[in-house]
Every structure is written in structure tokens, then in C-alpha cells.
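Below you'll find the structure, written out as C-alpha cells, and then a few comments.
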Amino acid sequence: MTRNSKRGLSDDHVLKVLLKFGLISEDQGKQVFNKKNDIRRKLERERASKGRVKNPVTIVDIISSMDLDRADDPSKALDEETIFQALAKAWKIPYKKIDPLKLDLNLVTTTIPHTFAMKHLVLPLGKKDGYLTVATPDPFNQEVFQDIAQASHLKVKTVVSTKTDVIKLINEFFGFKRSIIAAENQFSGPTIDLGNLEQFVRVRSADEMPSSNDQHIVNAVDHLLSSAFDQRASDVHIEPKREKSIVRLRIDGMLHTVYELPKNVHSAIISRIKTLARLDMAEKRRPQDGRIKMERGGVEAEIRVSSIPVAFGEKLVMRIMDPNVLFQDLENLGFTSMDLIRYQQFINMPYGIVLVCGPTGSGKSTTLYSTLRYLSSPDINITTVEDPIEMIHEDFNQVAVQPVIGITFASILRNILRQDPDIIMIGEMRDLETAENAIQAALTGHLVLSTLHTNDAPSTITRLLDLGIPAFLIQATLVGVLAQRLVRKICPYCKESFEMDAAELASLGLDLGKEGAVELYRGKGCFKCRGTGYFGRSGIYEVLPISESIKKNIMAETDSELVRDTARKEGMITLRENAVKKVLEGVTTFQELLRVTWENM
């Protein structure tokens, strides 16, 4: 069959399917029919002006560009994905939302040529049991699939995917593969200009193909960063192995391997990123830290770059600092209403020390930056001391620690007090000298925010005593402690309820204080969450105000259990108790609770 067949993407057929499933009304159908020719010409002109790969404008392109509301649910838009899902159902062919993390780069790029894939909009997804699964928005061009079967020596099984996804991934994967092959042939990597070390980088969007005179490694790095943004990654790991280099993305706290690259392009990719981050390319024996300021799609982000020498070369990690994640309203972080009130009470104190505690990756930076934005106003001077500065914000006066030239947390704190600050944020209270200077700042009328690595809020007091801070100074300056973790949230698109026996949960280490069947929630796994059942993360918190009763328990030989018992009598909700609330409310799963709060059992 051809594209114009009765079951293909003909105008009449698509409109009939949408009417049949109640996605458009009769009036909307007439509106589409009357406007389709004008819209088709407009879309063709836009594509020609942008120089994109030319492919016929279909009725699906026209309808999705009209921003219509769904007739069956006006609160939802009639987008391209909804249209193709309906068409797939009508055609009785499976619909597939393509997950780029699960695609094999070599399979995609070596099964069929790039020109063939783009001309016919076909994308190989995987092979199993003698079948090659191919995604396409047009599953009725049988000659094309016969050609693919003959070339691959496999039977072809088609699935329906959106035209936008297929085009985007063909561009991305073939462009990336072409860059990697060219860079592999060059071996030594591109020539890099050291004269311009301060750069503002704009990452190409997925539908912008590399130009013929671009450096191949530049294209490859652009693709890696673009892919990381698209997949909501918080970190990009580039790790050298004995015979290859692997790229992993951390998404919602979990690492996913996305690419395996030839080993001989590893150094060139690392050099390109180090150049962007203003690191010393010649230095490969010592760890280095840098940063890249990036803009993509009109949104600015900062990327922290860290390189260390490992057994098979340099390993590099890029942490993506998205301002939309780092600067949030406190109400959206995951606090219970009572914990939020308590936290706001002690961050609104005129002076004293507020500590945010938790392990690496527990969201402390997000909490601190969101707190500073909450406190920021034109009549307040906020100064931060960070190692390194995670996200530059013009409302704050931010100082980067540089031990090589003598700028340490402790030394800069002594100078900050001459800068007339109202609020001071210290990236980490890691030694006695820093803690002493922070206490001095608090005693002289400043609000000091900082972080400390402890497992819970009560043990923070023990940690300060271990650093060598006298108990009476802790009593005089510490106004509150916040301990936190991050749990993955259940995907809202595939969320379902189920029951478990309370006794079975108790045997797993989760005593809910109930008997019989307990209603819980989980994600079944869908294309939105890549089959994981989770989408996004939320904080769980333990808020400890330093009350008079707590102060009486702060002594040289203070037991954190005594502090915890006193705090709980005064209403402190522990990390685990807050996690249990989120489990029962359907925010997260009991597996996440056990994973994140195991030390609080």
C-alpha cells in the first residue's frame, strides 16, 4: 500500500479515525478540512526556510499544529502522540514511544543507510528471535519493509511511532555516529584554540543537523549534552575502560548506560569538555574541577565538570545544574505543612546557624538555593562561600573557594564579615576552623546557612562536638537543623493501587502500625517513565528546631539518642516517618522508602 491508501495517512482516513474515537468533534473536523490547505502551505514554507530535511506535510502535522483540544477531554491537547496512538489502535499495530536510552547506536546506524531511513522515516529499534523491530509513522509501505528484511536478513515487525520522534532520533543517532567515526579516524582529535578559554555555549537542538565544516568531536559532545538535557539527567559520566569508553546518565538518581564509544575517541571528547570548562588539557594526573555555562532552547544552565585519573585514563563527570530544579518554591520541595512552618520559622531568624544535612545527592544544594531565593530581597545582602559555586545567581554575592591561592572557607569568612552581610551561606562546614568562623559570624548578628554530612538531624549536634565546638557555643548559635533525602516519585501516567498485608511489610522492615491489608501504590511502567514506574523525585525531611529543651541536652558527652527522644516528644517527625506518609499518600513506593531510609530502621 502507498501513503495515499485508505488505511494510510490520507486526510479522510485520519479524520475518520479521530472522529470514531471521539478525539475531535464534527465542528473540529470541518475546521480542519477548511483550513488544511492553507496550513499545509504555511508548514512547507517554514520547513524550507529552516533548511530541515524535506518530508511531506501530512494531515497529522496539520492537526497537531492547530493546538486543538481533545473533544473527549478538553483539558488535554490533541497532540501528535495522541493522534498516532489512535491511528495505531485503528490499524491494529502496536504503538511504541521510543526510549533513546534503550536504543543500540550500532544497530540503528548500521542496519540501514541514513538517507534510506530519512526518506522513508524508518528507525530500527531492536532485534530478537529473528525479528527486527522497526518504528515508523507510516507502516503501510510494504516495499520499504521488504527491502529492510532483505538487507538485514531478518523478518521485519513494525510498530507505530510519532513522526517527530523518528526524525529526531534518526538525526541524533546518525549524526552522532558519523561524528564518532570521523573522530576515530582522526585519532588525535580536533585542534583546539587556547586563546579563547571563556566561552558561552549554545547546544544545538536535536533537529539541527551538523554542518559539513563542524569539528566531529564538537558535534559528538553537543549530542551528549543535548541528550542529557532531553532525558532530564542530573549527571553525565564518561568512563574509560580497557577497550572502550562508556557514557552513563543519572536520571532520577539512577545511572543508565547510554553509549559505548571507541576507546581512541575518549581523550578527544574529554579534551573538548575540558576546554569548555577552562581546565588544563595537558594535566591528566591530578583531579580538576571546572564549570560550563550553557544555553539551550532559551534556557541557561550551569554544568559542573570534574575529572579524575582512573586506571584506564581520565574519568569525567558533568553535573547539570538546572535553575528550574535548583531554585524552587519551598512549598514544592516535599515538606509536610508542619515541617515547612517549622523550617520557615528558623530561617527567618535574624541571626544564628541553620544546618542542612544529608549524604551526597540528597538535594541539599536545591534546598539551600531555594531557601536563599525565598529570603532574597533588595534590602538584604546575601553572600555565599562555595566549593565550587554550583549555580551563579545575580541576587547573591558568590565567592568560590580556591585553596591554591589561599582562599579557603575559613579565610574568606573572616573577610566576609567586613562586607556587611545579612545572610551568609557556607557550602560545607567541613573542619573546626570553618565552624569557628561560622559561629563567630552568628554571634555577631548574622544568619548563617551551611551543610554538614550526617545521617539525621540529632546526630548533627554530636558531629559539631566531634569537630571541637564547645557545647555552650552550639547552644548559643544553632537555631535549627534540617536532614533530608530524595525519593523517586511514582509515575503519574501509570500509577496503580494494590494491596499488601501489613505483616509482610513488617517482615521487610516496614512496620506501619497497622493490621491486615494495606492499600499502596506503584507505577506499572510506561513510555513516559521508560518502564521504571518512577518519574521525578521528592524530598523527605527531618526538621529539628533547637528548643530550650534540646539546648539542655547539648553537653560535652551528648548522646544523639537523647536529643532524638526529646525532639520527638516536641513533635519532630523523623525521616522514616515522613517517608511512610509519602508511601501511604501514593507519592512513592515502599521499596524507595526501604532503599533511602535503611539506616533509620
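Simple scheme: letters A, B, ... for chains in C-alpha cells order, numbers from 1 for residues in each chain, numbers from 1 for ligands in the order shown.
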
* To do: Quick one: everything within 12 Å of Leu121 in chain A, counting only C-alpha atoms, minus sequence neighbours fewer than 5 positions away in the same chain. Send it as a PyMOL selection string.
  => chain A and resi 53-56+112-116+134-141+144-145+160-171

* Asked: Suppose you want the space between CA of Glu519 in chain A and CA of Ile490 in chain A; what is it in Å?
  ->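 Value for the CA of Glu519 in chain A-CA of Ile490 in chain A distance: 14.6 Å.
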
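Proximity ranking of A:Tyr369, A:Leu417, A:Leu107, A:Ile238 relative to Ser271 in chain A places A:Ile238 first, based on only C-alpha atoms.
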
* Contacts of range 17-22 of chain A at 8 Å (only C-alpha atoms; same-chain gap of 5+ positions) as a VMD selection string -> chain A and resid 29 71 to 72 83 86 to 87 90

* Distance criterion (only C-alpha atoms): nearest to Ile426 in chain A out of A:Ala301, A:Ala117, A:Ile382, A:Ala567 ->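 Among the listed residues, the smallest separation from Ile426 in chain A belongs to A:Ile382.
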
* Asked: Residues of range 71-314 of chain A in helix (DSSP H, G or I) according to DSSP, as a ChimeraX atom specification?
  -> /A:80-91,100-102,105-111,114-120,142-152,163-186,216-230,263-276

* Selected residue of minimal separation from His453 in chain A among A:Gln475, A:Thr408, A:Ser362, A:Asn37, counting only C-alpha atoms -> A:Ser362

* Asked: Which value, in Å to one decimal, gives the distance between CA of Val258 in chain A and CA of Ile292 in chain A?
  -> 22.1 Å

* Atomic separation - CA of Ala556 in chain A relative to CA of Phe472 in chain A, Å ->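 A separation of 9.1 Å between them.
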
* From the set A:Asp559, A:Asp395, A:Ile217, A:Phe335, which residue has the shortest atom-to-atom contact distance to Asp379 in chain A, counting only C-alpha atoms? ->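 Residue with the minimum atom-to-atom distance to Asp379 in chain A: A:Asp395.
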
* May I have all residues of range 317-375 of chain A that DSSP, computed from the backbone, assigns to strand (DSSP E or B), given as a VMD selection string? => chain A and resid 317 to 321 352 to 357

* Asked: Any idea what's packed within 10 Å of Pro545 in chain A, counting only C-alpha atoms, ignoring anything in its chain fewer than 3 positions away? Could you give it as a list in words?
  ->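 Result of the neighbour search: Arg342, Tyr343, Gln345, Phe346, Val354, Ala457, Leu478, Val479, Gly480, Val481, Leu482, Glu542, Glu548, Ile550, Ala567, Glu570 and Met572 of chain A.
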
Please produce a file of those selected residues containing N, CA, C and O atoms, as an mmCIF file, in the first residue's frame.
```cif
data_model
loop_
_atom_site.group_PDB
_atom_site.id
_atom_site.type_symbol
_atom_site.label_atom_id
_atom_site.label_comp_id
_atom_site.auth_asym_id
_atom_site.auth_seq_id
_atom_site.Cartn_x
_atom_site.Cartn_y
_atom_site.Cartn_z
ATOM 1 N N ARG A 342 7.851 25.007 60.475
ATOM 2 C CA ARG A 342 8.994 24.983 61.394
ATOM 3 C C ARG A 342 10.276 25.443 60.712
ATOM 4 O O ARG A 342 11.062 26.204 61.288
ATOM 5 N N TYR A 343 10.481 24.964 59.475
ATOM 6 C CA TYR A 343 11.691 25.361 58.753
ATOM 7 C C TYR A 343 11.687 26.861 58.480
ATOM 8 O O TYR A 343 12.698 27.552 58.663
ATOM 9 N N GLN A 345 10.267 29.110 60.183
ATOM 10 C CA GLN A 345 10.454 29.847 61.435
ATOM 11 C C GLN A 345 11.937 30.059 61.727
ATOM 12 O O GLN A 345 12.345 31.168 62.091
ATOM 13 N N PHE A 346 12.762 29.020 61.565
ATOM 14 C CA PHE A 346 14.162 29.260 61.922
ATOM 15 C C PHE A 346 15.006 29.838 60.805
ATOM 16 O O PHE A 346 16.076 30.392 61.061
ATOM 17 N N VAL A 354 21.827 27.732 60.718
ATOM 18 C CA VAL A 354 20.887 26.726 60.230
ATOM 19 C C VAL A 354 21.683 25.731 59.392
ATOM 20 O O VAL A 354 22.384 26.134 58.461
ATOM 21 N N ALA A 457 19.114 14.485 61.733
ATOM 22 C CA ALA A 457 19.237 15.800 62.367
ATOM 23 C C ALA A 457 19.865 15.742 63.758
ATOM 24 O O ALA A 457 20.775 16.530 64.071
ATOM 25 N N LEU A 478 23.211 27.655 67.329
ATOM 26 C CA LEU A 478 22.446 26.747 66.462
ATOM 27 C C LEU A 478 20.953 26.953 66.680
ATOM 28 O O LEU A 478 20.449 26.793 67.795
ATOM 29 N N VAL A 479 20.226 27.321 65.601
ATOM 30 C CA VAL A 479 18.782 27.562 65.744
ATOM 31 C C VAL A 479 17.938 26.460 65.126
ATOM 32 O O VAL A 479 16.768 26.302 65.474
ATOM 33 N N GLY A 480 18.508 25.686 64.215
ATOM 34 C CA GLY A 480 17.728 24.620 63.612
ATOM 35 C C GLY A 480 18.542 23.737 62.695
ATOM 36 O O GLY A 480 19.566 24.165 62.150
ATOM 37 N N VAL A 481 18.105 22.477 62.534
ATOM 38 C CA VAL A 481 18.780 21.510 61.674
ATOM 39 C C VAL A 481 17.733 20.852 60.779
ATOM 40 O O VAL A 481 16.633 20.506 61.229
ATOM 41 N N LEU A 482 18.076 20.692 59.507
ATOM 42 C CA LEU A 482 17.211 20.011 58.547
ATOM 43 C C LEU A 482 17.987 18.850 57.936
ATOM 44 O O LEU A 482 19.032 19.061 57.324
ATOM 45 N N GLU A 542 13.546 15.884 57.929
ATOM 46 C CA GLU A 542 13.520 15.763 59.390
ATOM 47 C C GLU A 542 13.923 17.136 59.931
ATOM 48 O O GLU A 542 15.077 17.549 59.788
ATOM 49 N N GLU A 548 14.590 25.136 73.866
ATOM 50 C CA GLU A 548 15.258 25.215 75.168
ATOM 51 C C GLU A 548 15.505 23.825 75.728
ATOM 52 O O GLU A 548 16.538 23.571 76.355
ATOM 53 N N ILE A 550 16.029 21.087 74.002
ATOM 54 C CA ILE A 550 17.156 20.500 73.257
ATOM 55 C C ILE A 550 18.469 21.096 73.743
ATOM 56 O O ILE A 550 19.469 20.378 73.932
ATOM 57 N N ALA A 567 13.407 15.592 70.949
ATOM 58 C CA ALA A 567 12.829 16.238 69.768
ATOM 59 C C ALA A 567 11.516 15.580 69.358
ATOM 60 O O ALA A 567 10.555 16.260 68.984
ATOM 61 N N GLU A 570 8.665 16.661 71.285
ATOM 62 C CA GLU A 570 8.251 18.021 70.921
ATOM 63 C C GLU A 570 7.654 18.079 69.511
ATOM 64 O O GLU A 570 7.394 19.165 68.994
ATOM 65 N N MET A 572 8.909 16.401 66.519
ATOM 66 C CA MET A 572 9.734 16.161 65.334
ATOM 67 C C MET A 572 9.305 14.867 64.637
ATOM 68 O O MET A 572 9.163 13.827 65.281
#
```
